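Novice: Coordinates in data-v2.txt, compact mmCIF, C-alpha atoms, are listed below.
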# COMPACT_ATOMS: atom_id res chain seq x y z
CA MET I 1 92.57 139.40 73.46
CA ARG I 2 92.45 143.21 73.39
CA ILE I 3 91.08 144.57 70.11
CA LEU I 4 91.36 147.98 68.48
CA LEU I 5 88.51 148.41 66.01
CA VAL I 6 89.32 151.27 63.63
CA GLY I 7 86.13 152.73 62.18
CA ALA I 8 82.69 153.16 63.75
CA GLY I 9 80.70 153.46 60.53
CA GLY I 10 78.22 150.89 59.26
CA VAL I 11 80.53 147.86 59.35
CA GLY I 12 82.32 148.91 62.53
CA SER I 13 79.06 149.45 64.40
CA ALA I 14 77.83 146.04 63.23
CA VAL I 15 81.08 144.47 64.45
CA VAL I 16 80.34 145.89 67.91
CA ALA I 17 76.78 144.49 67.92
CA ILE I 18 77.98 141.03 66.88
CA ALA I 19 81.02 140.91 69.18
CA ALA I 20 78.95 142.05 72.18
CA ARG I 21 77.29 138.61 72.22
CA ARG I 22 80.66 136.78 72.41
CA THR I 23 83.04 136.24 75.32
CA PHE I 24 86.40 135.55 73.65
CA PHE I 25 87.95 139.02 74.14
CA GLU I 26 88.76 141.26 77.11
CA THR I 27 88.49 144.73 75.56
CA MET I 28 87.40 146.33 72.29
CA VAL I 29 88.46 149.94 71.75
CA VAL I 30 86.25 151.45 69.04
CA ALA I 31 88.10 154.34 67.40
CA ASP I 32 86.95 156.85 64.82
CA HIS I 33 87.90 160.37 63.71
CA ASP I 34 84.40 161.38 64.81
CA ALA I 35 84.16 161.10 68.61
CA GLY I 36 80.37 161.12 68.49
CA ARG I 37 80.21 158.24 66.05
CA ALA I 38 82.57 156.13 68.20
CA ALA I 39 80.48 156.91 71.27
CA ARG I 40 77.26 155.93 69.51
CA ALA I 41 78.77 152.62 68.39
CA VAL I 42 79.50 151.55 71.97
CA ALA I 43 76.42 153.11 73.61
CA GLY I 44 74.47 150.57 75.62
CA GLN I 45 77.23 147.94 75.46
CA ASP I 46 79.08 146.43 78.42
CA ALA I 47 82.28 147.76 79.97
CA ARG I 48 84.51 145.86 77.55
CA PHE I 49 83.75 148.48 74.87
CA VAL I 50 85.58 151.81 74.96
CA ALA I 51 85.23 154.73 72.51
CA ALA I 52 88.29 156.65 71.31
CA ILE I 53 89.31 159.29 68.76
CA LEU I 54 91.86 158.31 66.11
CA ASP I 55 93.40 159.79 62.98
CA ALA I 56 93.55 156.63 60.85
CA ALA I 57 95.91 158.34 58.39
CA SER I 58 98.66 158.40 61.04
CA ALA I 59 100.60 155.19 61.73
CA GLU I 60 102.07 156.90 64.78
CA ALA I 61 98.60 157.65 66.18
CA VAL I 62 97.51 154.04 65.59
CA ALA I 63 100.62 152.73 67.37
CA ALA I 64 100.15 155.13 70.27
CA LEU I 65 96.52 154.11 70.80
CA CYS I 66 97.57 150.44 70.66
CA ASP I 67 100.23 151.07 73.31
CA GLU I 68 97.81 153.01 75.53
CA HIS I 69 95.30 150.17 75.61
CA ARG I 70 97.74 147.21 75.37
CA ILE I 71 96.12 146.11 72.09
CA THR I 72 96.88 142.62 70.77
CA HIS I 73 94.80 142.75 67.55
CA VAL I 74 93.87 145.64 65.25
CA LEU I 75 90.77 145.31 63.06
CA ASN I 76 90.68 147.85 60.23
CA ALA I 77 87.06 148.64 59.26
CA VAL I 78 87.60 151.89 57.35
CA ASP I 79 87.98 152.43 53.64
CA PRO I 80 91.17 151.23 51.92
CA ARG I 81 92.79 154.67 51.75
CA PHE I 82 93.87 154.05 55.33
CA VAL I 83 95.14 150.49 55.02
CA MET I 84 98.85 151.24 55.06
CA PRO I 85 99.02 153.63 58.04
CA ILE I 86 96.85 151.27 60.12
CA PHE I 87 98.82 148.23 58.91
CA ASN I 88 102.14 149.92 59.75
CA GLY I 89 100.85 151.29 63.05
CA ALA I 90 99.76 147.82 64.17
CA TYR I 91 103.16 146.40 63.29
CA ALA I 92 104.97 149.16 65.16
CA ALA I 93 102.89 148.39 68.25
CA GLY I 94 103.56 144.65 68.06
CA ALA I 95 99.89 143.84 67.41
CA ASP I 96 98.39 141.42 64.92
CA TYR I 97 96.29 142.98 62.16
CA LEU I 98 93.09 142.19 60.24
CA ASP I 99 91.41 144.13 57.45
CA LEU I 100 88.41 143.88 55.15
CA ALA I 101 90.07 145.38 52.06
CA MET I 102 93.72 145.54 51.04
CA SER I 103 96.08 148.35 50.02
CA LEU I 104 95.03 150.26 46.92
CA SER I 105 95.98 149.45 43.35
CA HIS I 106 97.33 151.80 40.69
CA PRO I 107 96.64 151.04 37.01
CA HIS I 108 99.45 150.33 34.56
CA PRO I 109 100.56 153.73 33.20
CA ASP I 110 100.53 152.68 29.53
CA ARG I 111 98.29 149.60 29.19
CA PRO I 112 95.73 149.82 32.02
CA TYR I 113 93.25 147.45 30.37
CA ALA I 114 95.75 144.72 29.55
CA GLU I 115 98.48 144.70 32.21
CA THR I 116 98.43 145.17 35.96
CA GLY I 117 100.27 148.04 37.57
CA VAL I 118 100.43 148.08 41.35
CA LYS I 119 97.97 145.40 42.40
CA LEU I 120 95.63 145.33 45.38
CA GLY I 121 97.67 144.27 48.40
CA ASP I 122 101.09 144.66 46.75
CA GLU I 123 102.22 147.17 49.39
CA GLN I 124 101.26 144.77 52.16
CA PHE I 125 102.76 141.67 50.56
CA ALA I 126 106.02 143.59 50.08
CA LEU I 127 106.32 143.59 53.89
CA ALA I 128 105.31 139.93 54.41
CA GLY I 129 108.84 138.85 55.34
CA GLN I 130 109.04 141.52 58.00
CA TRP I 131 105.77 140.38 59.60
CA GLU I 132 106.75 136.71 59.41
CA ALA I 133 110.18 137.32 60.94
CA ALA I 134 108.52 139.15 63.82
CA GLY I 135 106.06 136.30 64.36
CA ARG I 136 103.17 138.67 63.73
CA LEU I 137 100.05 137.94 61.64
CA ALA I 138 98.44 140.28 59.14
CA LEU I 139 95.24 138.54 58.06
CA CYS I 140 94.07 140.51 55.05
CA GLY I 141 90.71 140.57 53.30
CA ILE I 142 88.60 138.94 56.02
CA GLY I 143 85.21 140.55 55.39
CA VAL I 144 82.65 138.73 53.29
CA GLU I 145 84.16 139.49 49.84
CA PRO I 146 87.06 139.17 50.24
CA GLY I 147 86.92 136.93 53.27
CA LEU I 148 84.17 134.34 53.39
CA SER I 149 84.43 133.95 49.61
CA ASP I 150 88.11 132.98 50.05
CA VAL I 151 87.24 130.51 52.82
CA PHE I 152 84.74 128.93 50.41
CA ALA I 153 87.44 128.59 47.75
CA ARG I 154 89.75 126.82 50.18
CA TYR I 155 86.95 124.54 51.36
CA ALA I 156 86.14 123.59 47.76
CA ALA I 157 89.79 122.74 47.07
CA ASP I 158 90.16 120.74 50.28
CA GLU I 159 86.85 118.91 50.38
CA LEU I 160 85.04 118.92 47.03
CA PHE I 161 87.44 118.91 44.08
CA ASP I 162 90.50 117.05 42.82
CA GLU I 163 91.18 119.73 40.21
CA ILE I 164 89.67 123.20 39.81
CA ASP I 165 89.20 124.74 36.38
CA GLU I 166 87.69 128.02 37.54
CA ILE I 167 86.85 129.87 40.72
CA GLY I 168 84.42 132.73 40.24
CA VAL I 169 83.25 134.88 43.13
CA ARG I 170 79.70 136.00 42.36
CA ASP I 171 77.85 138.63 44.40
CA GLY I 172 74.22 139.60 43.87
CA ALA I 173 71.17 140.91 45.70
CA ASN I 174 67.55 141.93 45.26
CA LEU I 175 67.75 144.76 47.80
CA THR I 176 65.66 147.89 47.36
CA VAL I 177 65.57 151.07 49.44
CA ASP I 178 62.22 152.76 50.01
CA GLY I 179 62.21 156.42 49.03
CA HIS I 180 65.49 156.37 47.08
CA ASP I 181 66.03 155.84 43.36
CA PHE I 182 69.78 155.46 43.93
CA ALA I 183 71.13 154.50 47.36
CA PRO I 184 74.15 152.16 47.46
CA SER I 185 74.06 149.72 50.36
CA PHE I 186 77.82 149.96 50.86
CA SER I 187 80.43 152.73 50.87
CA ILE I 188 80.20 154.60 47.54
CA TRP I 189 83.87 155.57 47.95
CA THR I 190 84.88 151.89 47.96
CA THR I 191 82.33 150.98 45.29
CA ILE I 192 83.72 153.56 42.86
CA GLU I 193 87.26 152.36 43.56
CA GLU I 194 86.34 148.74 42.85
CA CYS I 195 84.09 149.24 39.86
CA LEU I 196 85.96 151.85 37.82
CA ASN I 197 89.46 150.44 38.23
CA PRO I 198 90.55 147.89 35.60
CA PRO I 199 89.24 144.47 36.71
CA VAL I 200 91.89 141.82 37.29
CA VAL I 201 91.64 138.21 36.07
CA TRP I 202 94.05 135.37 36.85
CA GLU I 203 94.82 132.47 34.51
CA ALA I 204 97.35 129.69 34.93
CA GLY I 205 100.26 130.20 32.55
CA ARG I 206 99.39 133.86 32.06
CA GLY I 207 99.18 135.19 35.59
CA TRP I 208 97.31 138.37 36.45
CA PHE I 209 96.01 140.63 33.68
CA THR I 210 93.38 143.33 33.36
CA THR I 211 90.29 144.02 31.24
CA GLU I 212 87.93 146.93 30.61
CA PRO I 213 85.55 147.86 33.47
CA PHE I 214 82.24 145.94 33.42
CA SER I 215 83.64 143.33 31.00
CA GLU I 216 82.39 139.77 30.37
CA PRO I 217 78.74 140.29 31.44
CA GLU I 218 76.88 137.14 32.38
CA VAL I 219 73.56 136.30 33.99
CA PHE I 220 74.09 134.39 37.22
CA HIS I 221 71.21 132.74 39.08
CA PHE I 222 71.38 133.42 42.80
CA PRO I 223 69.64 131.26 45.42
CA ALA I 224 67.13 132.14 48.15
CA GLY I 225 64.67 133.76 45.78
CA ILE I 226 67.09 136.40 44.47
CA GLY I 227 67.11 134.89 41.00
CA PRO I 228 68.97 135.97 37.85
CA VAL I 229 71.25 139.01 38.08
CA GLU I 230 73.64 140.33 35.42
CA CYS I 231 77.19 140.26 36.79
CA VAL I 232 80.33 141.91 35.38
CA ASN I 233 84.05 141.82 36.09
CA VAL I 234 85.13 144.09 38.94
CA GLU I 235 88.53 144.58 40.56
CA HIS I 236 88.58 142.66 43.84
CA GLU I 237 91.05 141.17 46.29
CA GLU I 238 89.98 137.54 45.82
CA VAL I 239 91.58 137.41 42.38
CA LEU I 240 94.85 138.60 43.94
CA LEU I 241 94.61 136.29 46.96
CA MET I 242 93.20 132.94 45.83
CA PRO I 243 95.91 132.00 43.29
CA ARG I 244 98.57 132.32 46.02
CA TRP I 245 97.09 129.41 48.02
CA VAL I 246 94.38 127.65 45.97
CA PRO I 247 95.33 125.87 42.71
CA ALA I 248 92.95 126.80 39.89
CA ARG I 249 93.21 127.44 36.17
CA ARG I 250 91.20 130.68 36.28
CA VAL I 251 89.97 133.10 38.97
CA THR I 252 87.47 135.94 38.48
CA PHE I 253 85.27 138.27 40.52
CA LYS I 254 81.93 139.42 39.13
CA TYR I 255 79.50 141.75 40.84
CA GLY I 256 75.76 141.99 40.20
CA LEU I 257 75.58 145.74 39.72
CA GLY I 258 72.62 146.07 37.38
CA GLY I 259 72.36 148.30 34.32
CA GLU I 260 71.26 151.45 36.14
CA PHE I 261 74.11 151.29 38.67
CA ILE I 262 76.65 150.78 35.89
CA GLU I 263 75.33 153.81 34.00
CA VAL I 264 75.56 155.98 37.12
CA LEU I 265 79.18 154.91 37.64
CA ARG I 266 80.02 155.55 33.98
CA THR I 267 78.48 159.02 34.21
CA LEU I 268 80.48 159.82 37.36
CA HIS I 269 83.61 158.76 35.49
CA LYS I 270 82.80 160.85 32.41
CA LEU I 271 82.31 163.92 34.60
CA GLY I 272 85.44 163.28 36.65
CA LEU I 273 83.35 162.88 39.79
CA ASP I 274 84.99 159.54 40.56
CA SER I 275 88.34 161.21 41.21
CA ALA I 276 89.86 160.91 44.68
CA SER I 277 92.27 163.79 43.99
CA PRO I 278 91.22 167.13 45.52
CA VAL I 279 90.13 169.97 43.24
CA ARG I 280 89.93 173.64 44.15
CA VAL I 281 86.40 174.98 44.70
CA GLY I 282 86.48 178.60 45.80
CA GLU I 283 88.57 178.74 48.96
CA VAL I 284 88.62 175.01 49.66
CA SER I 285 90.04 171.83 48.13
CA VAL I 286 87.76 168.82 48.02
CA SER I 287 87.80 165.37 46.44
CA PRO I 288 84.95 164.92 43.90
CA ARG I 289 84.45 161.40 45.19
CA ASP I 290 84.01 162.68 48.72
CA VAL I 291 81.35 165.11 47.42
CA VAL I 292 79.47 162.24 45.78
CA ALA I 293 79.63 160.29 49.04
CA ALA I 294 78.37 163.30 51.00
CA CYS I 295 75.40 163.71 48.65
CA LEU I 296 74.24 160.11 49.10
CA PRO I 297 72.58 158.65 52.19
CA ASP I 298 74.85 156.92 54.71
CA PRO I 299 74.47 153.16 54.01
CA ALA I 300 74.43 152.50 57.76
CA THR I 301 71.18 154.47 58.08
CA LEU I 302 69.22 152.67 55.36
CA GLY I 303 68.35 149.44 57.14
CA ASP I 304 64.79 150.26 58.12
CA ARG I 305 64.00 151.22 54.52
CA MET I 306 65.76 148.29 52.86
CA ARG I 307 63.96 145.22 51.59
CA GLY I 308 65.31 141.94 50.28
CA ARG I 309 68.38 139.72 50.56
CA THR I 310 72.04 139.86 49.69
CA CYS I 311 74.08 136.86 48.58
CA ALA I 312 77.85 136.42 48.59
CA GLY I 313 79.40 133.27 47.24
CA THR I 314 81.99 131.36 45.28
CA TRP I 315 81.21 129.38 42.15
CA VAL I 316 83.67 126.55 41.46
CA ARG I 317 83.95 124.32 38.41
CA GLY I 318 86.31 121.36 37.95
CA THR I 319 86.77 117.65 38.59
CA GLY I 320 85.09 116.30 41.72
CA ARG I 321 86.44 113.71 44.11
CA ASP I 322 84.75 110.96 42.07
CA GLY I 323 86.62 111.99 38.91
CA ARG I 324 83.49 113.42 37.29
CA PRO I 325 82.85 117.04 36.24
CA ARG I 326 81.38 119.07 39.07
CA GLU I 327 80.11 122.60 39.48
CA VAL I 328 78.99 124.12 42.78
CA TYR I 329 78.07 127.46 44.29
CA LEU I 330 79.00 127.93 47.94
CA TYR I 331 77.03 130.86 49.31
CA HIS I 332 75.89 132.92 52.28
CA VAL I 333 72.59 134.82 52.25
CA VAL I 334 71.46 137.48 54.70
CA ASP I 335 67.88 138.73 54.78
CA ASN I 336 67.65 142.41 55.69
CA GLU I 337 64.52 141.94 57.79
CA TRP I 338 66.37 139.32 59.89
CA SER I 339 69.56 141.34 60.38
CA MET I 340 67.58 144.45 61.34
CA ARG I 341 65.38 142.52 63.74
CA GLU I 342 68.20 140.56 65.36
CA TYR I 343 71.03 143.12 65.35
CA GLY I 344 69.67 146.47 64.20
CA HIS I 345 72.01 146.60 61.19
CA GLN I 346 71.28 146.31 57.49
CA ALA I 347 72.14 143.10 55.66
CA VAL I 348 75.17 144.20 53.64
CA VAL I 349 77.13 145.70 56.52
CA TRP I 350 76.12 142.88 58.88
CA GLN I 351 77.24 140.24 56.39
CA THR I 352 80.59 142.00 56.04
CA ALA I 353 81.02 142.48 59.81
CA VAL I 354 80.31 138.96 61.04
CA ASN I 355 83.32 137.41 59.32
CA PRO I 356 86.15 139.33 61.03
CA VAL I 357 84.49 138.66 64.40
CA VAL I 358 84.47 134.94 63.61
CA ALA I 359 88.14 135.19 62.56
CA LEU I 360 89.09 136.99 65.77
CA GLU I 361 87.41 134.29 67.84
CA LEU I 362 89.29 131.58 65.95
CA LEU I 363 92.56 133.42 66.61
CA ALA I 364 91.65 133.79 70.28
CA THR I 365 91.00 130.06 70.67
CA GLY I 366 94.03 129.00 68.59
CA ALA I 367 91.91 127.30 65.92
CA TRP I 368 93.54 129.73 63.50
CA SER I 369 97.16 130.88 63.74
CA GLY I 370 99.95 132.04 61.48
CA ALA I 371 102.60 134.61 60.77
CA GLY I 372 103.23 136.89 57.82
CA VAL I 373 100.77 138.52 55.45
CA LEU I 374 98.09 135.91 54.77
CA GLY I 375 94.72 135.69 53.07
CA PRO I 376 91.81 133.71 54.56
CA GLU I 377 92.43 130.84 52.13
CA ALA I 378 95.83 130.22 53.79
CA LEU I 379 94.03 128.92 56.91
CA PRO I 380 91.81 125.86 57.49
CA PRO I 381 88.24 126.54 56.32
CA LYS I 382 86.18 124.08 58.36
CA PRO I 383 86.64 125.75 61.77
CA PHE I 384 85.55 129.05 60.23
CA LEU I 385 82.46 127.66 58.51
CA ASP I 386 81.44 125.71 61.62
CA LEU I 387 81.75 128.78 63.84
CA LEU I 388 79.90 130.99 61.33
CA THR I 389 77.00 128.56 61.56
CA GLY I 390 77.36 128.71 65.33
CA TYR I 391 76.79 132.46 65.12
CA GLY I 392 73.33 131.68 63.76
CA SER I 393 74.22 132.46 60.16
CA PRO I 394 74.48 129.23 58.14
CA TRP I 395 76.00 128.89 54.68
CA GLY I 396 74.99 126.61 51.82
CA ILE I 397 76.18 124.63 48.81
CA GLU I 398 74.16 124.42 45.61
CA GLU I 399 75.07 121.89 42.94
CA ARG I 400 74.99 123.34 39.44
CA SER I 401 74.85 121.64 36.06
CA THR I 402 78.29 121.63 34.45
CA GLY I 403 78.97 123.77 31.42
CA GLY I 404 77.95 127.26 32.49
CA THR I 405 77.09 129.70 35.23
CA ALA I 406 73.62 130.74 34.08
Output the file's structure as structure tokens, nothing else.
Specialist:
Amino acid sequence: MRILLVGAGGVGSAVVAIAARRTFFETMVVADHDAGRAARAVAGQDARFVAAILDAASAEAVAALCDEHRITHVLNAVDPRFVMPIFNGAYAAGADYLDLAMSLSHPHPDRPYAETGVKLGDEQFALAGQWEAAGRLALCGIGVEPGLSDVFARYAADELFDEIDEIGVRDGANLTVDGHDFAPSFSIWTTIEECLNPPVVWEAGRGWFTTEPFSEPEVFHFPAGIGPVECVNVEHEEVLLMPRWVPARRVTFKYGLGGEFIEVLRTLHKLGLDSASPVRVGEVSVSPRDVVAACLPDPATLGDRMRGRTCAGTWVRGTGRDGRPREVYLYHVVDNEWSMREYGHQAVVWQTAVNPVVALELLATGAWSGAGVLGPEALPPKPFLDLLTGYGSPWGIEERSTGGTA
């Protein structure tokens, strides 16, 4: 297996640190628009790791780099603006493709908070037949959320439930950053995109529909000492992926943002600072969202000042194998002190990065295989969960009382 990793930021650098301990691949080319960042990501690693420069906005450049290094698998670890050129470049080069986030959505022009417009991943799914006919695999949304959360949903359907009433991805943390009042632990560009777009919900008989941002607040109790966190609806790939392969009456994604974070995002929106469209400032054009990102600390640099744990998981309610009501939360917790000590990367980026490495190893061994544009829930969950545990990062199941998520 010869891998092209696109992006040497926080997640990409963590991918390198995790993959360096595994033997399933021959080469990993780590490419970034910033040559120095790519070089830093591979510094101190063995000869399998090679740094390269890449314009991720160019499908032709992606294909050319794949051809130069005889790449078999492309892992996209940059923000979703670049999904389609990387996706198309991998296809042109005859390589399989993996990403952590899918192609961007566009709200309905007239009823954005009721009907979907262009949904997350629609551009990729439109080309599914082409990938399948070519015998090529595009495994989309294989980070932690989406990714591990989708594997959990499939596991619940296969092993724990006869019928599923609701699948709800729930993400929460008790992370703090010393010396910063406001310091997101993940890309602010992606966070703004997710949180200010109309959230999508799926219901059987109705299909996909949208709501207002930050709708349906609920207090969800997270394990491992994190405790209660208020969670709200956020646009996310799981809601667009799970109903394609996992039968359920309702699917939601709710994120534990907290009141202060929500107010910051609302203020950015009111001021137009969430816009990704360039505006003229003097002699230059710049995206307001890029300015916001530039003013905040790089999440990859925050690890030594972060404290606490992050939890990603999937809450499932329905009828268990014994015919009785059942409610469970399948989850994965990463402690920042552990991830910094063991890998030198903060918890949120490490938790995102470990899952595509696990997926690549499963593809290398043949435990996972497929063709077309697939989500993680289209593939068998047990090999993934077993190997994740084998990476030294176990997952858990918590039984909940039926009748609510609090």
Novice: Counting all atoms listed in the file, which residue out of I:Ile397, I:Ala134, I:Val62, I:Ala248 sits closest to Arg154 (chain I)?
Specialist: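 Answer, going by the shortest atom-to-atom distance: I:Ala248.
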Novice: Mind pulling up the distance from CA of Val83 (chain I) to CA of Ala64 (chain I)?
Specialist: 16.7 Å
Novice: Would you pick out the contacts of Pro299 (chain I) at 12 Å or less, using all atoms listed in the file, so that residues sharing its chain but fewer than 2 positions from it are not included, and give the list as number ranges by chain?
Specialist: I: 9-11, 13, 177, 180, 182-189, 191, 293-297, 301-306, 345-350
Novice: So that I have them on file, write out the residues from the current selection with C-alpha atoms, as an mmCIF file, keeping the file's coordinate frame.
Specialist:
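New file result27.cif:
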data_model
loop_
_atom_site.group_PDB
_atom_site.id
_atom_site.type_symbol
_atom_site.label_atom_id
_atom_site.label_comp_id
_atom_site.auth_asym_id
_atom_site.auth_seq_id
_atom_site.Cartn_x
_atom_site.Cartn_y
_atom_site.Cartn_z
ATOM 1 C CA GLY I 9 80.700 153.460 60.530
ATOM 2 C CA GLY I 10 78.220 150.890 59.260
ATOM 3 C CA VAL I 11 80.530 147.860 59.350
ATOM 4 C CA SER I 13 79.060 149.450 64.400
ATOM 5 C CA VAL I 177 65.570 151.070 49.440
ATOM 6 C CA HIS I 180 65.490 156.370 47.080
ATOM 7 C CA PHE I 182 69.780 155.460 43.930
ATOM 8 C CA ALA I 183 71.130 154.500 47.360
ATOM 9 C CA PRO I 184 74.150 152.160 47.460
ATOM 10 C CA SER I 185 74.060 149.720 50.360
ATOM 11 C CA PHE I 186 77.820 149.960 50.860
ATOM 12 C CA SER I 187 80.430 152.730 50.870
ATOM 13 C CA ILE I 188 80.200 154.600 47.540
ATOM 14 C CA TRP I 189 83.870 155.570 47.950
ATOM 15 C CA THR I 191 82.330 150.980 45.290
ATOM 16 C CA ALA I 293 79.630 160.290 49.040
ATOM 17 C CA ALA I 294 78.370 163.300 51.000
ATOM 18 C CA CYS I 295 75.400 163.710 48.650
ATOM 19 C CA LEU I 296 74.240 160.110 49.100
ATOM 20 C CA PRO I 297 72.580 158.650 52.190
ATOM 21 C CA THR I 301 71.180 154.470 58.080
ATOM 22 C CA LEU I 302 69.220 152.670 55.360
ATOM 23 C CA GLY I 303 68.350 149.440 57.140
ATOM 24 C CA ASP I 304 64.790 150.260 58.120
ATOM 25 C CA ARG I 305 64.000 151.220 54.520
ATOM 26 C CA MET I 306 65.760 148.290 52.860
ATOM 27 C CA HIS I 345 72.010 146.600 61.190
ATOM 28 C CA GLN I 346 71.280 146.310 57.490
ATOM 29 C CA ALA I 347 72.140 143.100 55.660
ATOM 30 C CA VAL I 348 75.170 144.200 53.640
ATOM 31 C CA VAL I 349 77.130 145.700 56.520
ATOM 32 C CA TRP I 350 76.120 142.880 58.880
#
Novice: Pick out the closest residue to Val373 (chain I) from this set: I:Val201, I:Leu98, I:Val15, I:Ile53. Count only C-alpha atoms.
Specialist: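 Counting only C-alpha atoms, the residue closest to Val373 (chain I) is I:Leu98.
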Novice: I'd like the interatomic distance between CA of Leu120 (chain I) and CA of His236 (chain I), to a tenth of an Å.
Specialist: 7.7 Å
Novice: Skipping near chain neighbours, those fewer than 3 positions away, what residues fall within 6 Å of Lys254 (chain I) using only C-alpha atoms, listed as a list in words?
Specialist: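 Once the nearby chain positions are removed, what remains is Arg170, Cys231, Val232, Asn233 and Val234 of chain I.
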Novice: From the list I:Arg37, I:Arg317, I:Arg309, I:Arg324, which residue is nearest Glu337 (chain I) when using all atoms listed in the file?
Specialist: I:Arg309
Novice: Around the point (78.8, 129.9, 44.7) (coordinates from the file), which residues reach within 7 Å if we count only C-alpha atoms? Answer as a PDB file with C-alpha atoms, in the coordinates of the input.
Specialist:
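Once everything was written out, this is selection08.pdb:
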ATOM      1  CA  VAL I 169      83.250 134.880  43.130  1.00  0.00           C
ATOM      2  CA  ARG I 170      79.700 136.000  42.360  1.00  0.00           C
ATOM      3  CA  GLY I 313      79.400 133.270  47.240  1.00  0.00           C
ATOM      4  CA  THR I 314      81.990 131.360  45.280  1.00  0.00           C
ATOM      5  CA  TRP I 315      81.210 129.380  42.150  1.00  0.00           C
ATOM      6  CA  VAL I 316      83.670 126.550  41.460  1.00  0.00           C
ATOM      7  CA  VAL I 328      78.990 124.120  42.780  1.00  0.00           C
ATOM      8  CA  TYR I 329      78.070 127.460  44.290  1.00  0.00           C
ATOM      9  CA  LEU I 330      79.000 127.930  47.940  1.00  0.00           C
ATOM     10  CA  TYR I 331      77.030 130.860  49.310  1.00  0.00           C
TER      11      TYR I 331
END
Novice: From the set I:Arg40, I:Arg341, I:His332, I:Arg70, which residue has the shortest atom-to-atom contact distance to Pro394 (chain I), counting only C-alpha atoms?
Specialist: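 Among the listed residues, I:His332 lies closest to Pro394 (chain I).
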Novice: Please produce, as CSV, a per-residue contact table for region 227-275 of chain I versus region 284-290 of chain I (criterion: any atom at most 9 Å away, all atoms listed in the file considered), showing the nearest atom pair and its distance in Å to one decimal, sorted by chain then residue number.
Specialist:
residue,atom,partner,partner_atom,distance
I:Leu268,CA,I:Arg289,CA,8.9
I:Gly272,CA,I:Pro288,CA,7.4
I:Leu273,CA,I:Pro288,CA,4.9
I:Asp274,CA,I:Arg289,CA,5.0
I:Ser275,CA,I:Arg289,CA,5.6
Novice: In terms of the shortest atom-to-atom distance over all atoms listed in the file, which of I:Leu360, I:Arg400, I:Ala204, I:Pro199 is closest to Phe220 (chain I)?
Specialist: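 Under the stated criterion, the closest residue is I:Arg400.
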Novice: Using all atoms listed in the file, which of the listed residues (I:Glu216, I:Asp79, I:Arg111, I:Glu327) sits closest to Ile167 (chain I)?
Specialist: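 Of I:Glu216, I:Asp79, I:Arg111, I:Glu327, the one nearest Ile167 (chain I) is I:Glu327, counting all atoms listed in the file.
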Novice: For Val50 (chain I), work out the shell of residues within 8 Å, counting all atoms listed in the file and skipping chain neighbours fewer than 5 positions away, then give it as a list in words.
Specialist: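 Selected residues are Thr27, Met28, Val29, Val30 and Val42 of chain I.
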Novice: Quote the spacing between CA of Asp386 (chain I) and CA of Gly370 (chain I) in Å to one decimal place.
Specialist: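 That distance, rounded to one decimal, is 19.6 Å.
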Novice: Mind checking which residues fall within 12 Å of Gly207 (chain I), counting all atoms listed in the file, ignoring those fewer than 3 positions away in the same chain, and posting them as a PyMOL selection string?
Specialist: chain I and resi 114-116+200-204+210+239-240+243-244+248-251
